[in-house]
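For reference, model-v6.tsv is printed below; it contains TSV, C-alpha atoms.
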chain	number	residue	atom	x	y	z
A	71	MET	CA	-69.60	-61.57	116.05
A	72	GLN	CA	-69.71	-59.07	113.22
A	73	SER	CA	-70.31	-60.07	109.61
A	74	SER	CA	-67.73	-59.38	106.91
A	75	GLU	CA	-70.60	-58.16	104.71
A	76	PRO	CA	-70.44	-54.37	104.19
A	77	ILE	CA	-73.59	-52.45	105.03
A	78	ILE	CA	-72.28	-48.90	104.45
A	79	GLN	CA	-69.51	-47.88	102.06
A	80	LEU	CA	-68.21	-44.38	101.48
A	81	VAL	CA	-66.30	-44.02	98.22
A	82	GLY	CA	-64.38	-40.80	97.56
A	83	LEU	CA	-66.96	-38.87	99.57
A	84	GLY	CA	-66.70	-35.09	99.48
A	85	LYS	CA	-68.88	-32.22	100.64
A	86	GLU	CA	-68.33	-28.57	99.86
A	87	PHE	CA	-70.35	-25.59	101.09
A	88	ARG	CA	-70.54	-22.32	99.20
A	89	THR	CA	-70.13	-19.22	101.35
A	90	SER	CA	-69.73	-15.50	100.70
A	91	GLY	CA	-66.06	-15.94	101.47
A	92	GLY	CA	-65.66	-18.74	98.97
A	93	PRO	CA	-66.16	-22.52	99.06
A	94	ILE	CA	-65.47	-24.47	102.24
A	95	LYS	CA	-64.52	-28.12	101.92
A	96	ALA	CA	-66.05	-29.99	104.89
A	97	LEU	CA	-65.23	-33.50	103.62
A	98	ASP	CA	-62.56	-34.52	101.13
A	99	ASP	CA	-62.14	-37.97	99.57
A	100	ILE	CA	-63.50	-40.04	102.49
A	101	ASN	CA	-63.26	-43.80	101.92
A	102	LEU	CA	-64.74	-46.11	104.54
A	103	THR	CA	-66.36	-49.53	104.78
A	104	ILE	CA	-68.60	-50.41	107.73
A	105	CYS	CA	-69.60	-54.05	108.09
A	106	GLN	CA	-72.76	-55.46	109.59
A	107	GLY	CA	-72.56	-55.60	113.39
A	108	GLU	CA	-69.58	-53.24	113.58
A	109	VAL	CA	-69.41	-50.34	116.03
A	110	PHE	CA	-67.52	-47.51	114.40
A	111	GLY	CA	-66.58	-44.20	115.99
A	112	ILE	CA	-65.33	-40.89	114.61
A	113	ILE	CA	-63.45	-38.59	117.00
A	114	GLY	CA	-62.67	-34.98	116.22
A	115	LEU	CA	-62.80	-31.38	117.34
A	116	SER	CA	-65.79	-29.10	116.78
A	117	GLY	CA	-65.97	-27.91	113.18
A	118	ALA	CA	-64.00	-30.87	111.83
A	119	GLY	CA	-66.91	-32.07	109.65
A	120	LYS	CA	-68.16	-34.91	111.85
A	121	SER	CA	-71.83	-33.93	111.75
A	122	THR	CA	-71.65	-33.33	108.01
A	123	LEU	CA	-70.22	-36.81	107.56
A	124	VAL	CA	-72.95	-38.57	109.49
A	125	ARG	CA	-75.66	-36.55	107.68
A	126	CYS	CA	-74.17	-37.50	104.32
A	127	ILE	CA	-74.36	-41.18	105.22
A	128	ASN	CA	-78.17	-41.12	105.22
A	129	TYR	CA	-78.42	-38.37	102.58
A	130	LEU	CA	-79.85	-35.68	104.80
A	131	GLU	CA	-76.91	-33.86	103.23
A	132	VAL	CA	-76.26	-34.68	99.58
A	133	PRO	CA	-72.51	-35.15	98.96
A	134	THR	CA	-70.79	-32.91	96.44
A	135	SER	CA	-68.70	-35.82	95.17
A	136	GLY	CA	-68.26	-39.53	95.67
A	137	GLU	CA	-70.81	-42.16	96.63
A	138	VAL	CA	-72.62	-43.59	99.63
A	139	LEU	CA	-73.58	-47.23	99.26
A	140	PHE	CA	-76.12	-48.86	101.57
A	141	GLU	CA	-76.27	-52.65	101.29
A	142	ASN	CA	-74.24	-52.36	98.06
A	143	ARG	CA	-76.69	-49.89	96.46
A	144	SER	CA	-75.78	-46.30	95.72
A	145	LEU	CA	-78.11	-43.88	97.49
A	146	ALA	CA	-77.59	-41.39	94.65
A	147	SER	CA	-79.02	-43.83	92.10
A	148	MET	CA	-82.09	-44.70	94.20
A	149	SER	CA	-85.51	-43.19	93.68
A	150	ARG	CA	-86.71	-40.88	96.45
A	151	ARG	CA	-89.02	-43.66	97.63
A	152	ASP	CA	-86.12	-46.10	97.90
A	153	GLN	CA	-83.99	-43.45	99.63
A	154	ARG	CA	-86.71	-42.99	102.25
A	155	LYS	CA	-86.91	-46.74	102.71
A	156	ALA	CA	-83.14	-46.97	103.17
A	157	ARG	CA	-83.25	-44.05	105.61
A	158	GLN	CA	-85.87	-45.88	107.68
A	159	SER	CA	-83.25	-48.61	108.17
A	160	MET	CA	-80.92	-46.02	109.75
A	161	GLY	CA	-81.95	-44.73	113.17
A	162	MET	CA	-80.55	-41.24	113.70
A	163	ILE	CA	-79.80	-39.52	117.02
A	164	PHE	CA	-79.22	-35.84	116.35
A	165	GLN	CA	-77.12	-33.52	118.45
A	166	GLN	CA	-79.98	-30.97	118.26
A	167	PHE	CA	-82.68	-33.54	119.27
A	168	ASN	CA	-85.04	-32.58	116.37
A	169	LEU	CA	-88.17	-33.45	118.32
A	170	LEU	CA	-91.58	-32.41	116.98
A	171	ALA	CA	-92.76	-29.55	119.19
A	172	GLN	CA	-96.46	-30.20	118.62
A	173	ARG	CA	-96.19	-33.84	119.74
A	174	ASN	CA	-95.74	-35.08	123.27
A	175	VAL	CA	-93.03	-37.54	124.29
A	176	ILE	CA	-94.83	-40.77	123.44
A	177	GLN	CA	-96.11	-39.32	120.16
A	178	ASN	CA	-92.55	-38.35	119.18
A	179	VAL	CA	-91.35	-41.90	119.81
A	180	CYS	CA	-94.36	-43.30	117.93
A	181	PHE	CA	-93.74	-41.07	114.90
A	182	PRO	CA	-91.28	-43.31	112.99
A	183	LEU	CA	-93.48	-46.31	113.76
A	184	GLU	CA	-96.48	-44.51	112.25
A	185	ILE	CA	-94.45	-43.75	109.12
A	186	ALA	CA	-93.52	-47.45	108.93
A	187	GLY	CA	-97.24	-48.37	109.10
A	188	ALA	CA	-97.28	-49.98	112.55
A	189	PRO	CA	-100.74	-50.37	114.18
A	190	LYS	CA	-101.43	-47.68	116.77
A	191	LYS	CA	-101.60	-50.07	119.73
A	192	GLU	CA	-98.37	-51.80	118.72
A	193	ALA	CA	-96.64	-48.45	118.24
A	194	ARG	CA	-97.63	-47.22	121.72
A	195	GLU	CA	-96.52	-50.47	123.35
A	196	ARG	CA	-93.13	-50.28	121.64
A	197	ALA	CA	-92.81	-46.60	122.55
A	198	MET	CA	-93.57	-47.28	126.22
A	199	GLU	CA	-91.00	-50.09	126.27
A	200	LEU	CA	-88.35	-47.72	124.96
A	201	LEU	CA	-89.35	-44.88	127.27
A	202	GLY	CA	-88.90	-47.32	130.14
A	203	LEU	CA	-85.41	-48.12	128.84
A	204	VAL	CA	-84.40	-44.44	128.91
A	205	GLY	CA	-86.20	-43.73	132.20
A	206	LEU	CA	-88.98	-41.53	130.83
A	207	ALA	CA	-92.14	-43.65	131.11
A	208	ASP	CA	-93.55	-41.18	133.64
A	209	ARG	CA	-93.01	-38.25	131.23
A	210	LYS	CA	-94.85	-39.75	128.25
A	211	ASP	CA	-97.43	-36.94	128.12
A	212	ALA	CA	-94.94	-34.07	128.43
A	213	TYR	CA	-94.10	-31.85	125.46
A	214	PRO	CA	-90.55	-31.00	124.32
A	215	SER	CA	-90.91	-27.44	125.63
A	216	GLN	CA	-91.37	-28.91	129.13
A	217	LEU	CA	-88.17	-30.96	129.01
A	218	SER	CA	-84.53	-30.16	129.72
A	219	GLY	CA	-81.89	-30.78	127.08
A	220	GLY	CA	-80.91	-34.06	128.72
A	221	LEU	CA	-84.51	-35.32	128.76
A	222	LYS	CA	-84.98	-34.35	125.12
A	223	GLN	CA	-81.87	-36.35	124.25
A	224	ARG	CA	-83.32	-39.40	125.99
A	225	VAL	CA	-86.51	-39.06	123.93
A	226	ALA	CA	-84.38	-38.81	120.78
A	227	ILE	CA	-82.53	-42.01	121.72
A	228	ALA	CA	-85.82	-43.85	122.29
A	229	ARG	CA	-87.18	-42.59	118.96
A	230	ALA	CA	-84.07	-43.77	117.09
A	231	TYR	CA	-84.61	-47.29	118.42
A	232	ALA	CA	-88.33	-47.35	117.67
A	233	VAL	CA	-88.32	-49.16	114.32
A	234	GLN	CA	-85.41	-51.45	115.25
A	235	PRO	CA	-83.13	-50.03	112.53
A	236	GLU	CA	-80.30	-52.01	111.02
A	237	VAL	CA	-77.93	-49.09	111.56
A	238	LEU	CA	-77.73	-46.48	114.32
A	239	LEU	CA	-76.19	-43.15	113.30
A	240	MET	CA	-75.37	-41.06	116.36
A	241	ASP	CA	-74.18	-37.47	116.50
A	242	GLU	CA	-72.84	-36.85	120.04
A	243	PRO	CA	-75.61	-39.13	121.41
A	244	PHE	CA	-74.89	-38.50	125.10
A	245	GLY	CA	-73.58	-34.94	124.94
A	246	ALA	CA	-76.58	-33.32	126.66
A	247	LEU	CA	-76.83	-35.81	129.52
A	248	ASP	CA	-75.57	-35.47	133.08
A	249	ALA	CA	-72.71	-37.77	134.08
A	250	GLN	CA	-74.84	-40.31	135.97
A	251	THR	CA	-77.46	-40.64	133.21
A	252	ARG	CA	-74.77	-40.76	130.53
A	253	THR	CA	-72.99	-43.66	132.25
A	254	GLN	CA	-76.27	-45.54	132.79
A	255	LEU	CA	-77.47	-45.15	129.21
A	256	GLN	CA	-74.08	-45.97	127.73
A	257	SER	CA	-74.13	-49.24	129.66
A	258	GLU	CA	-77.74	-50.14	128.81
A	259	LEU	CA	-77.59	-49.19	125.15
A	260	THR	CA	-74.24	-50.78	124.39
A	261	LYS	CA	-75.58	-54.00	125.93
A	262	THR	CA	-78.72	-53.74	123.79
A	263	TRP	CA	-76.94	-53.16	120.49
A	264	GLN	CA	-74.43	-55.93	121.23
A	265	GLU	CA	-77.28	-58.37	121.90
A	266	GLU	CA	-79.09	-57.26	118.74
A	267	LYS	CA	-75.84	-57.11	116.71
A	268	LYS	CA	-76.61	-53.54	115.63
A	269	THR	CA	-74.33	-51.70	113.25
A	270	CYS	CA	-73.45	-48.42	114.99
A	271	PHE	CA	-71.72	-45.31	113.69
A	272	PHE	CA	-71.18	-42.55	116.22
A	273	ILE	CA	-69.31	-39.29	116.41
A	274	THR	CA	-67.89	-37.76	119.57
A	275	HIS	CA	-65.14	-35.46	120.78
A	276	ASP	CA	-64.69	-37.58	123.92
A	277	VAL	CA	-62.01	-40.27	123.61
A	278	GLU	CA	-63.14	-42.02	126.79
A	279	GLU	CA	-66.72	-42.23	125.51
A	280	ALA	CA	-65.49	-43.63	122.19
A	281	VAL	CA	-63.67	-46.44	124.03
A	282	ILE	CA	-66.77	-47.27	126.09
A	283	LEU	CA	-69.12	-47.35	123.10
A	284	ALA	CA	-66.77	-49.34	120.87
A	285	THR	CA	-65.90	-51.96	123.50

What is this file in structure tokens?
Amino acid sequence: MQSSEPIIQLVGLGKEFRTSGGPIKALDDINLTICQGEVFGIIGLSGAGKSTLVRCINYLEVPTSGEVLFENRSLASMSRRDQRKARQSMGMIFQQFNLLAQRNVIQNVCFPLEIAGAPKKEARERAMELLGLVGLADRKDAYPSQLSGGLKQRVAIARAYAVQPEVLLMDEPFGALDAQTRTQLQSELTKTWQEEKKTCFFITHDVEEAVILAT
């Protein structure tokens, strides 16, 4: 059962990009409250500003106007150290994977654990557990250049779970997967975040996927 306590609040959020053809308004006066344990989905066409929205939530993109509050604290008013700490509480699955090319699969999954200060042995054990969840335990020594887009996405999903974040921010999390793997992971991961009462915010263009993830 979800809590009524807000974990993320967007207040009058706006984002504008300057281009040679003039300013482009990607987000305009977005107001939204996401409570602890809630699964929240955004559906829209390509170019509608979905990715910009999710990147503004954890301040990978700094909003032009408005505020983002995490656990009732404005990210804008936080020190960079506190922003990084808040960001560590938000696992992010990128549409572009964003894996580190010079690290193999298990090292990519271990990376956020290393940043959090986890002992090496503990980090590897956690990483192997997650690679088993996404079906990649046998590819732990492979490098991103040796993986298909779908396999890279599975690594990105495992990495996002590594530090057991309070919030999962997902940008088309299953878009690069084949139909069978997508169905399997949707089932396994939705079960996991329901059991752990994760707060999840995802964006997709697929209405059917939105229903599955939010159910």

Worksheet entry | Residues near segment 131-143 of chain A, cut-off 7 Å, only C-alpha atoms, skip fewer than 6 positions along chain, as a ChimeraX atom specification | /A:76-86,125

Please dump the current selection as a PDB file, in the frame of the given file; keep C-alpha atoms.
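Wrote out_11.pdb, looks like this:
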ATOM      1  CA  PRO A  76     -70.440 -54.370 104.190  1.00  0.00           C
ATOM      2  CA  ILE A  77     -73.590 -52.450 105.030  1.00  0.00           C
ATOM      3  CA  ILE A  78     -72.280 -48.900 104.450  1.00  0.00           C
ATOM      4  CA  GLN A  79     -69.510 -47.880 102.060  1.00  0.00           C
ATOM      5  CA  LEU A  80     -68.210 -44.380 101.480  1.00  0.00           C
ATOM      6  CA  VAL A  81     -66.300 -44.020  98.220  1.00  0.00           C
ATOM      7  CA  GLY A  82     -64.380 -40.800  97.560  1.00  0.00           C
ATOM      8  CA  LEU A  83     -66.960 -38.870  99.570  1.00  0.00           C
ATOM      9  CA  GLY A  84     -66.700 -35.090  99.480  1.00  0.00           C
ATOM     10  CA  LYS A  85     -68.880 -32.220 100.640  1.00  0.00           C
ATOM     11  CA  GLU A  86     -68.330 -28.570  99.860  1.00  0.00           C
ATOM     12  CA  ARG A 125     -75.660 -36.550 107.680  1.00  0.00           C
TER      13      ARG A 125
END

Practice prompt. Find the residue from A:Leu259, A:Ala197, A:Leu169, A:Leu130 that sits nearest to Arg150 of chain A; use all atoms listed in the file when measuring.
Written response: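 Answer, going by the shortest atom-to-atom distance: A:Leu130.
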
Worksheet item: Between A:Thr260, A:Gln223, A:Gln165, A:Ser159, which one has atoms that come closest to Glu236 of chain A, using all atoms listed in the file?
Response: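 The shortest atom-to-atom distance to Glu236 of chain A comes from A:Ser159.
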
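Here the question is which of A:Ser215, A:Ser147, A:Thr262, A:Ser257 gets nearest to Asn174 of chain A using only C-alpha atoms, and that residue is A:Ser215.
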
Discussion item. One decimal, in Å: what's the spacing between atom CA of Arg229 of chain A and atom CA of Val179 of chain A?
Written reply: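 Answer for the atom CA of Arg229 of chain A to atom CA of Val179 of chain A separation: 4.3 Å.
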
Item to complete: Counting only C-alpha atoms, figure out which residue out of A:Pro182, A:Gly92, A:Gly117, A:Gly111 gets nearest to Leu170 of chain A.
Response: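 Closest to Leu170 of chain A, using only C-alpha atoms: A:Pro182.
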
Discussion item. With all atoms listed in the file as the counted atoms, please give the residues lying no more than 12 Å from Glu184 of chain A, apart from itself and same-chain residues fewer than 6 positions off, as number ranges by chain.
Written reply: A: 158, 176-178, 190-194, 196-197, 229, 232-233

Item to complete: Name the closest residue to Ile227 of chain A among the candidates A:Thr269, A:Gln264, A:Gln166, A:Ser149; distances are taken between atoms, counting all atoms listed in the file.
Response: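 Of A:Thr269, A:Gln264, A:Gln166, A:Ser149, the one nearest Ile227 of chain A is A:Gln166, counting all atoms listed in the file.
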
Discussion item. Can you measure atom CA of Thr251 of chain A to atom CA of Lys222 of chain A for me? One decimal in Å is fine.
Written reply: 12.7 Å

Worksheet item: Can you tell me how far atom CA of Gly107 of chain A sits from atom CA of Tyr231 of chain A, in Å to one decimal?
Response: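 Going from atom CA of Gly107 of chain A over to atom CA of Tyr231 of chain A, I get 15.5 Å.
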
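Using all atoms listed in the file, the nearest neighbour of Met240 of chain A within the list A:Lys120, A:Arg157, A:Lys267, A:Arg252 is A:Lys120.
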
Give me the residues of segment 103-166 of chain A that have any atom at most 9 Å from an atom of segment 271-277 of chain A; for each, the nearest atom pair and the distance in Å, rounded to one decimal. Use only C-alpha atoms, sort by chain and number, and format it as CSV.
residue,atom,partner,partner_atom,distance
A:Ile104,CA,A:Phe271,CA,8.4
A:Glu108,CA,A:Phe271,CA,8.2
A:Val109,CA,A:Phe271,CA,6.0
A:Phe110,CA,A:Phe271,CA,4.8
A:Gly111,CA,A:Phe272,CA,4.9
A:Ile112,CA,A:Ile273,CA,4.7
A:Ile113,CA,A:His275,CA,5.2
A:Gly114,CA,A:His275,CA,5.2
A:Leu115,CA,A:His275,CA,5.8
A:Ser116,CA,A:His275,CA,7.5
A:Lys120,CA,A:Ile273,CA,6.4
A:Ser121,CA,A:Ile273,CA,7.5
A:Val124,CA,A:Ile273,CA,7.9

For the residues in that selection, give me C-alpha atoms as a compact mmCIF listing (two decimals), in the coordinates of the input.
# COMPACT_ATOMS: atom_id res chain seq x y z
CA ILE A 104 -68.60 -50.41 107.73
CA GLU A 108 -69.58 -53.24 113.58
CA VAL A 109 -69.41 -50.34 116.03
CA PHE A 110 -67.52 -47.51 114.40
CA GLY A 111 -66.58 -44.20 115.99
CA ILE A 112 -65.33 -40.89 114.61
CA ILE A 113 -63.45 -38.59 117.00
CA GLY A 114 -62.67 -34.98 116.22
CA LEU A 115 -62.80 -31.38 117.34
CA SER A 116 -65.79 -29.10 116.78
CA LYS A 120 -68.16 -34.91 111.85
CA SER A 121 -71.83 -33.93 111.75
CA VAL A 124 -72.95 -38.57 109.49

Practice prompt. Would you list the contacts of Leu221 of chain A as a VMD selection string, taking every protein, DNA or RNA residue within 10 Å and counting all atoms listed in the file, but skipping same-chain residues closer than 6 positions in sequence?
Written response: chain A and resid 167 175 204 to 206 209 214 227 246 to 248 251

Please determine an axis-aligned box that encloses all atoms of segment 208-211 of chain A listed in the file, with 5 Å added on each side, and express its centre and edge lengths in Å to one decimal as lines of an AutoDock Vina configuration file.
center_x = -95.2
center_y = -39.1
center_z = 130.9
size_x = 14.4
size_y = 14.2
size_z = 15.5

Fill in: Within-7 Å shell of (-80.9, -42.4, 113.7) in input frame, all atoms listed in the file, as a PyMOL selection string
chain A and resi 160-163+230+238-240
